Amino acid sequence: MIDVDAKERELQEVVEQIANVKKEIKTFIVGQDEIIDQLLWTIFSGGHALLEGLPGLGKTMLVRTVSEAMDLDFSRIQFTPDLMPSDITGTMLIEPSEDGKKQTFSFHQGPIFSNIVLADEINRATPKTQSALLEAMGEKTVTVMGDTKSLPEPFFVLATQNPLDLEGTYPLPEAQMDRFLVKIDVQYPSKDELKQIILHTTGTETPNINRIIDGHRIQEIQHLAKEILVSEEMLDYAVNIVMATHPNQEQSTEKVKKYVRYGAGPRGLQALIRISKVRALSLGRFHVSLGDLKQAARPVLRHRLFLNFEGEATGITSDEIIDEILKHIGESS
């Protein structure tokens with residue numbers, strides 16, 4: 001028998017805690033409300049996030065501030081073209097025994113062994129090094145010389161990326177892009193936000209970020225998010241959105257048929273439901289709504305739509321295609 005009152009109290013506690021974490025982040029980060037929301041939805045659904053934007057827009061600072069508001073181990077990896085996979089995962093080193101007669105291998109952990117890993121400018125590294133994250137992101141384990149080691153829980157990769165038209169970047173492989181639950185576009189700040197950023201960063205005061213929540217509580221919230229209800233109607237709507245991203249499907253739109261090579265797979269649908277559940281939870285609801293799915297669609301699907309040559313040549317964005325899909329599905333349902 002479910003204690004409805006107890007569940008309601010638990011729900012309100014979670015709503016308050018998530019709001020407090022966001023409030024603490026905003027003591028240092030100016031604006032970016034939507035970006036902060038999407039980052040928190042990702043963390044509380046147990047996924048990884050890719051933040052893309054021009055250099056200097058505060059992507060790294062945002063991730064660092066989020067980690068400071070949570071009582072979690074944090075490490076930062078600066079991705080460069082000469083970074084090696086062992087620089088991320090760690091390596092086996094030969095160490096002599098105390099008597100000096102024998103030599104043994106001992107594993108020295110890399111920076112991946114943290115709760116929050118900031119992969120800074122991930123597309124600056126070569127594909128070989130980028131792929132070192134695949135196992136960690138997918139299985140939450142690291143294998144070195146045949147020995148598999150578990151990563152700490154909870155575990156998140158929050159990566160930043162510069163737009164691919166900048167020099168010295170390597171596009172992420174499709175398999176790795178799909179490992180990211182969401183892709184968050186970091187936009188240029190407004191005039192008022194720019195003024196506030198200057199006042200925050202060039203003055204004498206440096207705000208202290210308080211730790212609001214710990215790893216155990218984050219895992220409890222992740223578990224509670226899984227209990228959020230998804231009606232048959234909402235599930236059908238989510239499936240229709242994902243199916244409409246494929247050009248060979250009946251419900252796909254004109255832009256999808258014309259500009260998309262292939263669309264989102266089952267992992268995209270899973271991500272859409274997971275993010276929608278956390279958004280519903282953060283707003284104090286035990287059920288997913290149409291609004292949750294629509295708000296989750298852009299960050300979840302924008303990196304899972306792969307444009308054909310014509311789409312890339314015309315400069316159409318994934319967001320434009322997703323907006324057309326949402327409008328089309330809404331009119332036909």
# chains A, B, ... in the order shown; residues from 1 in each chain; ligands from 1

$ residues_around --residues "segment 73-84 of chain A" --least-positions-apart "3" --cutoff "12 Å" --atoms "only C-alpha atoms" --output "NGL selection string"
:A and (60-61 or 63-70 or 87-91 or 110-133 or 151-162 or 168-170 or 211 or 214-215)

$ residues_around --residues "Asp178 of chain A" --least-positions-apart "2" --cutoff "8 Å" --atoms "only C-alpha atoms" --output "NGL selection string"
:A and (174-176 or 180-181 or 267-268 or 303-304)

$ closest_residue --among "A:Met177, A:His108, A:Ser276, A:Asp192" --to "Thr42 of chain A" --atoms "only C-alpha atoms"
A:Ser276

$ select_by_dssp --residues "segment 17-87 of chain A" --states "helix (DSSP H, G or I)" --output "number ranges by chain"
A: 17-25, 33-44, 59-68, 85-87

$ closest_residue --among "A:Gln12, A:Asn210, A:Ser289, A:Ser190" --to "Val230 of chain A" --atoms "only C-alpha atoms"
A:Ser289

$ select_by_dssp --residues "segment 82-235 of chain A" --states "strand (DSSP E or B)" --output "MDAnalysis selection string"
chainID A and resid 90:96 103:109 116:120 141:144 147:150 156:161 182:185 213:214 229

$ residues_around --residues "Leu54 of chain A" --least-positions-apart "2" --cutoff "10 Å" --atoms "only C-alpha atoms" --output "count of residues only"
14

$ closest_atom_pairs --of "segment 148-234 of chain A" --to "segment 20-36 of chain A" --cutoff "12 Å" --atoms "only C-alpha atoms" --output "tab-separated table"
residue	atom	partner	partner_atom	distance
A:Val182	CA	A:Ile35	CA	11.0
A:Lys183	CA	A:Ile35	CA	10.1
A:Ile184	CA	A:Ile35	CA	6.7
A:Asp185	CA	A:Ile35	CA	7.7
A:Val186	CA	A:Ile35	CA	7.0
A:Gln187	CA	A:Gln32	CA	8.3
A:Tyr188	CA	A:Gln32	CA	9.6
A:Pro189	CA	A:Gly31	CA	7.7
A:Ser190	CA	A:Gly31	CA	8.8
A:Lys191	CA	A:Gly31	CA	11.2
A:Asp192	CA	A:Gly31	CA	9.5
A:Glu193	CA	A:Val30	CA	6.4
A:Leu194	CA	A:Val30	CA	8.5
A:Lys195	CA	A:Val30	CA	9.7
A:Gln196	CA	A:Val30	CA	6.8
A:Ile197	CA	A:Val30	CA	6.2
A:Ile198	CA	A:Val30	CA	10.0
A:Leu199	CA	A:Val30	CA	10.3
A:His200	CA	A:Phe28	CA	7.6
A:Thr201	CA	A:Phe28	CA	9.3
A:Glu205	CA	A:Phe28	CA	10.8
A:Thr206	CA	A:Phe28	CA	8.5
A:Pro207	CA	A:Phe28	CA	6.5
A:Asn208	CA	A:Phe28	CA	8.4
A:Ile209	CA	A:Glu24	CA	6.5
A:Asn210	CA	A:Glu24	CA	6.9
A:Arg211	CA	A:Val21	CA	8.3
A:Ile212	CA	A:Val21	CA	6.0
A:Ile213	CA	A:Val21	CA	7.5
A:Asp214	CA	A:Val21	CA	10.9
A:Ile218	CA	A:Val21	CA	11.3

$ decode --residues "segment 54-152 of chain A" --atoms "C-alpha atoms" --output "PDB file, in the first residue's frame"
ATOM      1  CA  LEU A  54      31.636  29.984 -28.542  1.00  0.00           C
ATOM      2  CA  PRO A  55      34.679  30.376 -26.268  1.00  0.00           C
ATOM      3  CA  GLY A  56      34.224  32.723 -23.310  1.00  0.00           C
ATOM      4  CA  LEU A  57      30.490  32.186 -22.712  1.00  0.00           C
ATOM      5  CA  GLY A  58      31.016  30.619 -19.266  1.00  0.00           C
ATOM      6  CA  LYS A  59      30.488  26.938 -20.091  1.00  0.00           C
ATOM      7  CA  THR A  60      33.389  25.762 -17.931  1.00  0.00           C
ATOM      8  CA  MET A  61      32.457  28.129 -15.099  1.00  0.00           C
ATOM      9  CA  LEU A  62      28.858  26.870 -15.149  1.00  0.00           C
ATOM     10  CA  VAL A  63      29.928  23.223 -14.803  1.00  0.00           C
ATOM     11  CA  ARG A  64      32.384  24.099 -12.032  1.00  0.00           C
ATOM     12  CA  THR A  65      29.695  26.059 -10.167  1.00  0.00           C
ATOM     13  CA  VAL A  66      27.231  23.155 -10.465  1.00  0.00           C
ATOM     14  CA  SER A  67      29.846  20.801  -9.016  1.00  0.00           C
ATOM     15  CA  GLU A  68      30.501  23.205  -6.124  1.00  0.00           C
ATOM     16  CA  ALA A  69      26.784  23.309  -5.268  1.00  0.00           C
ATOM     17  CA  MET A  70      26.874  19.506  -4.939  1.00  0.00           C
ATOM     18  CA  ASP A  71      29.036  17.613  -2.440  1.00  0.00           C
ATOM     19  CA  LEU A  72      30.737  15.508  -5.129  1.00  0.00           C
ATOM     20  CA  ASP A  73      34.289  14.752  -6.244  1.00  0.00           C
ATOM     21  CA  PHE A  74      35.160  16.885  -9.258  1.00  0.00           C
ATOM     22  CA  SER A  75      37.924  16.702 -11.855  1.00  0.00           C
ATOM     23  CA  ARG A  76      38.623  18.720 -14.968  1.00  0.00           C
ATOM     24  CA  ILE A  77      40.298  17.328 -18.096  1.00  0.00           C
ATOM     25  CA  GLN A  78      41.531  19.844 -20.653  1.00  0.00           C
ATOM     26  CA  PHE A  79      41.268  18.095 -24.019  1.00  0.00           C
ATOM     27  CA  THR A  80      44.114  18.878 -26.423  1.00  0.00           C
ATOM     28  CA  PRO A  81      45.345  17.192 -29.639  1.00  0.00           C
ATOM     29  CA  ASP A  82      48.234  15.518 -27.770  1.00  0.00           C
ATOM     30  CA  LEU A  83      46.072  14.098 -24.937  1.00  0.00           C
ATOM     31  CA  MET A  84      46.329  10.300 -24.708  1.00  0.00           C
ATOM     32  CA  PRO A  85      43.598   7.847 -23.558  1.00  0.00           C
ATOM     33  CA  SER A  86      45.739   6.826 -20.553  1.00  0.00           C
ATOM     34  CA  ASP A  87      45.774  10.490 -19.454  1.00  0.00           C
ATOM     35  CA  ILE A  88      42.025  10.094 -18.895  1.00  0.00           C
ATOM     36  CA  THR A  89      41.553   6.540 -17.661  1.00  0.00           C
ATOM     37  CA  GLY A  90      44.815   6.023 -15.780  1.00  0.00           C
ATOM     38  CA  THR A  91      47.621   3.559 -16.413  1.00  0.00           C
ATOM     39  CA  MET A  92      49.471   0.542 -15.048  1.00  0.00           C
ATOM     40  CA  LEU A  93      52.904   1.378 -13.651  1.00  0.00           C
ATOM     41  CA  ILE A  94      55.700  -1.028 -12.725  1.00  0.00           C
ATOM     42  CA  GLU A  95      56.655  -0.669  -9.088  1.00  0.00           C
ATOM     43  CA  PRO A  96      59.444  -2.535  -7.251  1.00  0.00           C
ATOM     44  CA  SER A  97      58.604  -4.512  -4.104  1.00  0.00           C
ATOM     45  CA  GLU A  98      59.915  -3.369  -0.747  1.00  0.00           C
ATOM     46  CA  ASP A  99      62.854  -5.760  -0.861  1.00  0.00           C
ATOM     47  CA  GLY A 100      63.625  -4.725  -4.449  1.00  0.00           C
ATOM     48  CA  LYS A 101      63.630  -8.332  -5.705  1.00  0.00           C
ATOM     49  CA  LYS A 102      60.310  -8.276  -7.592  1.00  0.00           C
ATOM     50  CA  GLN A 103      58.393  -5.847  -9.737  1.00  0.00           C
ATOM     51  CA  THR A 104      54.609  -5.617  -9.832  1.00  0.00           C
ATOM     52  CA  PHE A 105      52.019  -3.661 -11.804  1.00  0.00           C
ATOM     53  CA  SER A 106      49.905  -1.170  -9.891  1.00  0.00           C
ATOM     54  CA  PHE A 107      47.062   0.884 -11.318  1.00  0.00           C
ATOM     55  CA  HIS A 108      47.191   4.660 -10.975  1.00  0.00           C
ATOM     56  CA  GLN A 109      43.742   6.174 -11.456  1.00  0.00           C
ATOM     57  CA  GLY A 110      43.173   8.883 -14.016  1.00  0.00           C
ATOM     58  CA  PRO A 111      40.901  11.930 -13.585  1.00  0.00           C
ATOM     59  CA  ILE A 112      37.920   9.925 -14.910  1.00  0.00           C
ATOM     60  CA  PHE A 113      37.581   8.442 -11.395  1.00  0.00           C
ATOM     61  CA  SER A 114      35.421  11.305 -10.049  1.00  0.00           C
ATOM     62  CA  ASN A 115      31.716  11.920  -9.586  1.00  0.00           C
ATOM     63  CA  ILE A 116      31.641  14.886 -11.976  1.00  0.00           C
ATOM     64  CA  VAL A 117      34.138  14.945 -14.831  1.00  0.00           C
ATOM     65  CA  LEU A 118      34.426  18.178 -16.810  1.00  0.00           C
ATOM     66  CA  ALA A 119      35.675  17.264 -20.285  1.00  0.00           C
ATOM     67  CA  ASP A 120      36.709  20.750 -21.360  1.00  0.00           C
ATOM     68  CA  GLU A 121      36.754  21.434 -25.128  1.00  0.00           C
ATOM     69  CA  ILE A 122      36.190  17.729 -25.831  1.00  0.00           C
ATOM     70  CA  ASN A 123      36.353  18.218 -29.610  1.00  0.00           C
ATOM     71  CA  ARG A 124      39.945  19.493 -29.391  1.00  0.00           C
ATOM     72  CA  ALA A 125      41.199  15.920 -28.783  1.00  0.00           C
ATOM     73  CA  THR A 126      41.711  13.253 -31.453  1.00  0.00           C
ATOM     74  CA  PRO A 127      38.989  10.623 -32.035  1.00  0.00           C
ATOM     75  CA  LYS A 128      41.156   7.959 -30.360  1.00  0.00           C
ATOM     76  CA  THR A 129      41.241   9.958 -27.128  1.00  0.00           C
ATOM     77  CA  GLN A 130      37.554  10.912 -27.365  1.00  0.00           C
ATOM     78  CA  SER A 131      36.679   7.206 -27.609  1.00  0.00           C
ATOM     79  CA  ALA A 132      38.380   6.594 -24.237  1.00  0.00           C
ATOM     80  CA  LEU A 133      35.237   8.096 -22.711  1.00  0.00           C
ATOM     81  CA  LEU A 134      32.834   5.705 -24.493  1.00  0.00           C
ATOM     82  CA  GLU A 135      33.062   2.822 -22.025  1.00  0.00           C
ATOM     83  CA  ALA A 136      33.037   5.162 -19.031  1.00  0.00           C
ATOM     84  CA  MET A 137      29.913   6.977 -20.251  1.00  0.00           C
ATOM     85  CA  GLY A 138      28.055   3.855 -21.350  1.00  0.00           C
ATOM     86  CA  GLU A 139      29.007   1.232 -18.759  1.00  0.00           C
ATOM     87  CA  LYS A 140      30.445   3.414 -15.946  1.00  0.00           C
ATOM     88  CA  THR A 141      33.554   1.231 -15.952  1.00  0.00           C
ATOM     89  CA  VAL A 142      37.146   1.559 -17.169  1.00  0.00           C
ATOM     90  CA  THR A 143      39.174  -1.347 -18.602  1.00  0.00           C
ATOM     91  CA  VAL A 144      42.972  -1.129 -18.487  1.00  0.00           C
ATOM     92  CA  MET A 145      45.092  -4.122 -19.601  1.00  0.00           C
ATOM     93  CA  GLY A 146      42.058  -6.412 -19.352  1.00  0.00           C
ATOM     94  CA  ASP A 147      41.225  -5.329 -15.794  1.00  0.00           C
ATOM     95  CA  THR A 148      37.781  -3.694 -15.467  1.00  0.00           C
ATOM     96  CA  LYS A 149      37.298  -1.130 -12.706  1.00  0.00           C
ATOM     97  CA  SER A 150      34.035   0.500 -11.629  1.00  0.00           C
ATOM     98  CA  LEU A 151      33.680   4.269 -11.525  1.00  0.00           C
ATOM     99  CA  PRO A 152      32.275   6.040  -8.448  1.00  0.00           C
TER     100      PRO A 152
END
